Amino acid sequence: MMLALPYANISNLLGIEDGLVYLLYPLCLALFVVANLQNFNTKVPADGIALIIYITLGASIFSYLTGYIETQQVVDSFFKFALFILLFDLVKSHGHRSANFILKNYSNVFFWSLILSLFVYAFIKKPEFIFYDGSASRFGGFHFELFNFCFSSALCCASLIYKDINKAIIFCILCFLMYVSKSNFSFIYILVYLVSFHTNILSSLYLRRLATMAVLTAPVFIGLLLDELSFLSVLSVRESTSFDHSGSSVFARLYPYSLAYSQLISDGVFSLLPGGFGYLESTDLVKNDINSFGGTGSPKELVNLGVILFSVLIFIMLKKIPKVVPQELRLVNFIWFSTISFISFGSGFFNLFAWIILASLFNWRKTHV
C-alpha cells in the first residue's frame with residue numbers, strides 16, 4: 001500500500017492515469033482473503049468507523065436501486081470498501097507494528113520513486129507526467145497529483161524524523177519539496193510542521209480535538225463562503241488573474257466544495273441521511289456542470305454520508321485521537337494533522353493508505369500512555 005501514492009501514475013507510461021491501484025487493490029484484496037481463509041478468520045469487523053462504512057454501503061445499494069447512483073460507482077465502492085474493511089481490521093490488530101513499518105520504510109519508498117521518475121523523464125517526456133503544467137516548473141514524480149505529492153513529502157519527512165535525522169535538515173527538505181511542487185496546498189504542511197515541532201499548542205488533547213474538528217469541517221464552510229473568498233487568490237503560489245475557473249488555480253481546487261454544499265441545500269431534510277458512496281458524483285448538479293471535477297474531500301463525504309453519519313464519524317475520530325507519551329507527541333501530531341488535512345481537503349477522503357496511517361495512529365503505543 002505504500003506504493004499507492006509515490007508510484008500511482010507510473011501507469012501513465014502505458015497511457016493509463018493513476019492506474020497502479022488497479023493492480024495493487026485487487027492484489028491486496030486477494031492476499032487478505034486468502035490469509036483470512038487460512039486462519040479461519042471470518043469475523044465481521046464492528047469498529048465504529050467500519051459500521052459507518054456498512055451503513056453507507058447499504059445506502060449505496062438503496063440509491064442505486066432507486067436510480068440515484070450509477071452502476072460503476074456502486075461497483076467501485078463495494079470493491080474499494082471491502083478492502084478498506086479488511087485493512088482497517090488488520091491494522092486495528094497490529095497498529096503499532098504497522099506504524100513502525102511505515103515510518104521505517106516510507107522515506108526509502110518515496111526517494112526511490114523520485115529518483116526513478118527523473119531517470120524516466122530523461123527518456124520519456126509526456127504532458128502532466130513527472131513535471132506538470134506543460135513545463136519543468138512543477139515536479140511531482142510518479143504521483144498522480146501534486147496535492148498527493150505534498151502529503152507524500154510530509155510523510156517522508158515524518159519517516160526521517162522517526163529515524164532521528166536532524167530536524168533542521170528535515171525542515172529544509174520539506175520546504176524544498178514543497179517549493180518544487182508549487183502546490184497551493186504546500187504551505188499547509190509547512191505550517192503543520194512548524195506548529196507540531198516548534199510550539200506547544202497541540203500538547204493539549206482538548207486543543208488537538210478542536211483542531212481536528214476544524215480541519216475536517218473547514219472545507220464545508222469554504223464551500224458555503226466560496227464566492228466571498230476571492231482574497232485567497234493572494235495565497236496562490238502560481239500566477240492567478242481572477243477568482244474564477246479560468247483565472248484562479250485556488251478557485252478551481254475549491255469549487256467542488258461549493259458544489260457539494262449546493263447539493264446539501266438541494267436535498268433539504270434528506271441531507272441528514274446517507275445517500276451512499278458515489279451519490280454526489282451521480283447527481284445532475286455535478287454531471288451537468290462542465291467545470292466540475294466531481295466531488296472532493298470532506299464536503300463530498302458530507303453529502304454521501306449524510307449530516308448525521310458524517311457527524312458521528314467526526315465524533316469517533318475525536319475519541320480515537322492517540323494519547324501518547326510527550327516525547328512521541330510532536331511526531332504523532334505532525335503525522336495526524338498532515339493525514340487528516342490530506343483526506344479532508346483532497347480528492348480522496350477515503351484514501352486507503354491515508355486511513356491505514358490513521359488506523360495505525362489510533363493504536364499507537366497504547367500500553368505506554
# chains A, B, ... in the order shown; residues from 1 in each chain; ligands from 1
$ residues_around --residues "Ser344 (chain A)" --least-positions-apart "5" --cutoff "12 Å" --atoms "only C-alpha atoms" --output "ChimeraX atom specification"
/A:147,151,212-220,222,254,257,295-302,314,337-339,349-351,354-355
$ write_last_selection --atoms "N, CA and C atoms" --output "tab-separated table (two decimals), in the first residue's frame"
chain	number	residue	atom	x	y	z
A	147	PHE	N	-1.01	17.57	-5.19
A	147	PHE	CA	-1.61	17.53	-3.85
A	147	PHE	C	-1.16	16.26	-3.13
A	151	PHE	N	1.46	15.62	0.39
A	151	PHE	CA	1.20	14.73	1.53
A	151	PHE	C	2.28	13.66	1.64
A	212	THR	N	-8.62	19.19	15.12
A	212	THR	CA	-9.07	18.11	14.22
A	212	THR	C	-10.44	18.41	13.65
A	213	MET	N	-11.36	18.84	14.51
A	213	MET	CA	-12.70	19.18	14.04
A	213	MET	C	-12.66	20.35	13.06
A	214	ALA	N	-11.78	21.31	13.32
A	214	ALA	CA	-11.66	22.46	12.42
A	214	ALA	C	-11.16	22.04	11.05
A	215	VAL	N	-10.16	21.14	11.00
A	215	VAL	CA	-9.61	20.69	9.73
A	215	VAL	C	-10.65	19.92	8.93
A	216	LEU	N	-11.43	19.06	9.62
A	216	LEU	CA	-12.40	18.22	8.93
A	216	LEU	C	-13.62	18.99	8.44
A	217	THR	N	-13.93	20.10	9.08
A	217	THR	CA	-15.13	20.86	8.69
A	217	THR	C	-14.82	22.13	7.90
A	218	ALA	N	-13.55	22.57	7.89
A	218	ALA	CA	-13.20	23.81	7.18
A	218	ALA	C	-13.62	23.79	5.71
A	219	PRO	N	-13.39	22.68	4.96
A	219	PRO	CA	-13.81	22.69	3.55
A	219	PRO	C	-15.31	22.91	3.36
A	220	VAL	N	-16.11	22.47	4.34
A	220	VAL	CA	-17.57	22.67	4.24
A	220	VAL	C	-17.89	24.16	4.31
A	222	ILE	N	-15.81	26.57	3.63
A	222	ILE	CA	-15.26	27.18	2.42
A	222	ILE	C	-16.26	27.07	1.28
A	254	LEU	N	-11.07	24.64	-5.04
A	254	LEU	CA	-12.10	24.73	-4.01
A	254	LEU	C	-13.52	24.63	-4.56
A	257	TYR	N	-16.09	22.04	-3.43
A	257	TYR	CA	-16.68	22.23	-2.11
A	257	TYR	C	-18.02	22.95	-2.23
A	295	GLY	N	-16.53	15.18	-6.95
A	295	GLY	CA	-16.53	15.51	-5.53
A	295	GLY	C	-15.13	15.58	-4.97
A	296	THR	N	-14.97	16.31	-3.88
A	296	THR	CA	-13.67	16.48	-3.26
A	296	THR	C	-13.79	16.58	-1.75
A	297	GLY	N	-12.95	15.82	-1.05
A	297	GLY	CA	-12.75	15.97	0.38
A	297	GLY	C	-13.97	15.86	1.27
A	298	SER	N	-13.92	16.56	2.40
A	298	SER	CA	-14.98	16.49	3.40
A	298	SER	C	-16.37	16.87	2.86
A	299	PRO	N	-16.50	17.93	2.04
A	299	PRO	CA	-17.84	18.27	1.55
A	299	PRO	C	-18.48	17.14	0.75
A	300	LYS	N	-17.69	16.44	-0.06
A	300	LYS	CA	-18.25	15.32	-0.83
A	300	LYS	C	-18.76	14.23	0.12
A	301	GLU	N	-17.97	13.89	1.12
A	301	GLU	CA	-18.38	12.83	2.03
A	301	GLU	C	-19.50	13.27	2.95
A	302	LEU	N	-19.62	14.57	3.20
A	302	LEU	CA	-20.76	15.06	3.96
A	302	LEU	C	-22.05	14.77	3.20
A	314	ILE	N	-16.92	12.08	12.68
A	314	ILE	CA	-16.03	13.06	13.31
A	314	ILE	C	-15.93	12.79	14.81
A	337	PHE	N	-2.10	15.43	11.75
A	337	PHE	CA	-2.69	16.60	11.10
A	337	PHE	C	-2.32	16.68	9.62
A	338	SER	N	-1.17	16.13	9.23
A	338	SER	CA	-0.86	16.03	7.80
A	338	SER	C	-1.84	15.10	7.11
A	339	THR	N	-2.18	14.00	7.78
A	339	THR	CA	-3.07	12.99	7.18
A	339	THR	C	-4.50	13.47	7.10
A	349	PHE	N	-11.25	11.43	0.14
A	349	PHE	CA	-11.48	11.43	1.58
A	349	PHE	C	-11.20	10.05	2.17
A	350	PHE	N	-11.63	9.01	1.48
A	350	PHE	CA	-11.37	7.65	1.94
A	350	PHE	C	-10.21	7.04	1.17
A	351	ASN	N	-9.11	7.80	1.08
A	351	ASN	CA	-7.88	7.26	0.50
A	351	ASN	C	-7.38	6.13	1.40
A	354	ALA	N	-4.05	6.59	3.40
A	354	ALA	CA	-4.18	7.60	4.45
A	354	ALA	C	-4.92	7.04	5.65
A	355	TRP	N	-5.95	6.22	5.41
A	355	TRP	CA	-6.71	5.64	6.53
A	355	TRP	C	-5.95	4.51	7.21
$ residues_around --residues "region 143-145 of chain A" --least-positions-apart "6" --cutoff "8 Å" --atoms "only C-alpha atoms" --output "VMD selection string"
chain A and resid 5 to 10 17 to 18 129 to 130
$ write_last_selection --atoms "C-alpha atoms" --output "short mmCIF file (atom, residue, chain, number, x, y, z; two decimals), in the first residue's frame"
data_model
loop_
_atom_site.label_atom_id
_atom_site.label_comp_id
_atom_site.auth_asym_id
_atom_site.auth_seq_id
_atom_site.Cartn_x
_atom_site.Cartn_y
_atom_site.Cartn_z
CA LEU A 5 0.91 7.28 -3.73
CA PRO A 6 4.58 7.56 -4.79
CA TYR A 7 4.13 5.30 -7.83
CA ALA A 8 0.43 5.93 -8.59
CA ASN A 9 0.93 7.46 -12.01
CA ILE A 10 3.72 5.24 -13.31
CA GLU A 17 -3.65 7.77 -15.43
CA ASP A 18 -3.39 6.81 -11.75
CA PHE A 129 3.64 13.39 -16.08
CA ILE A 130 6.56 13.81 -13.63
#
$ select_by_dssp --residues "region 58-239 of chain A" --states "alpha helix (DSSP H)" --output "ChimeraX atom specification"
/A:58-65,71-93,95-121,146-162,167-181,186-198,205-225
$ residues_around --residues "Leu361 (chain A)" --least-positions-apart "6" --cutoff "10 Å" --atoms "only C-alpha atoms" --output "list in words"
Val91, Lys92, Gly95, His96, Ser98, Ala99, Lys320, Ile321, Pro322, Lys323, Val324, Val332, Asn333, Ile335, Trp336 and Trp355 of chain A
$ closest_residue --among "A:Ile115, A:Leu191, A:Arg253, A:Leu155" --to "Leu103 (chain A)" --atoms "only C-alpha atoms"
A:Leu155
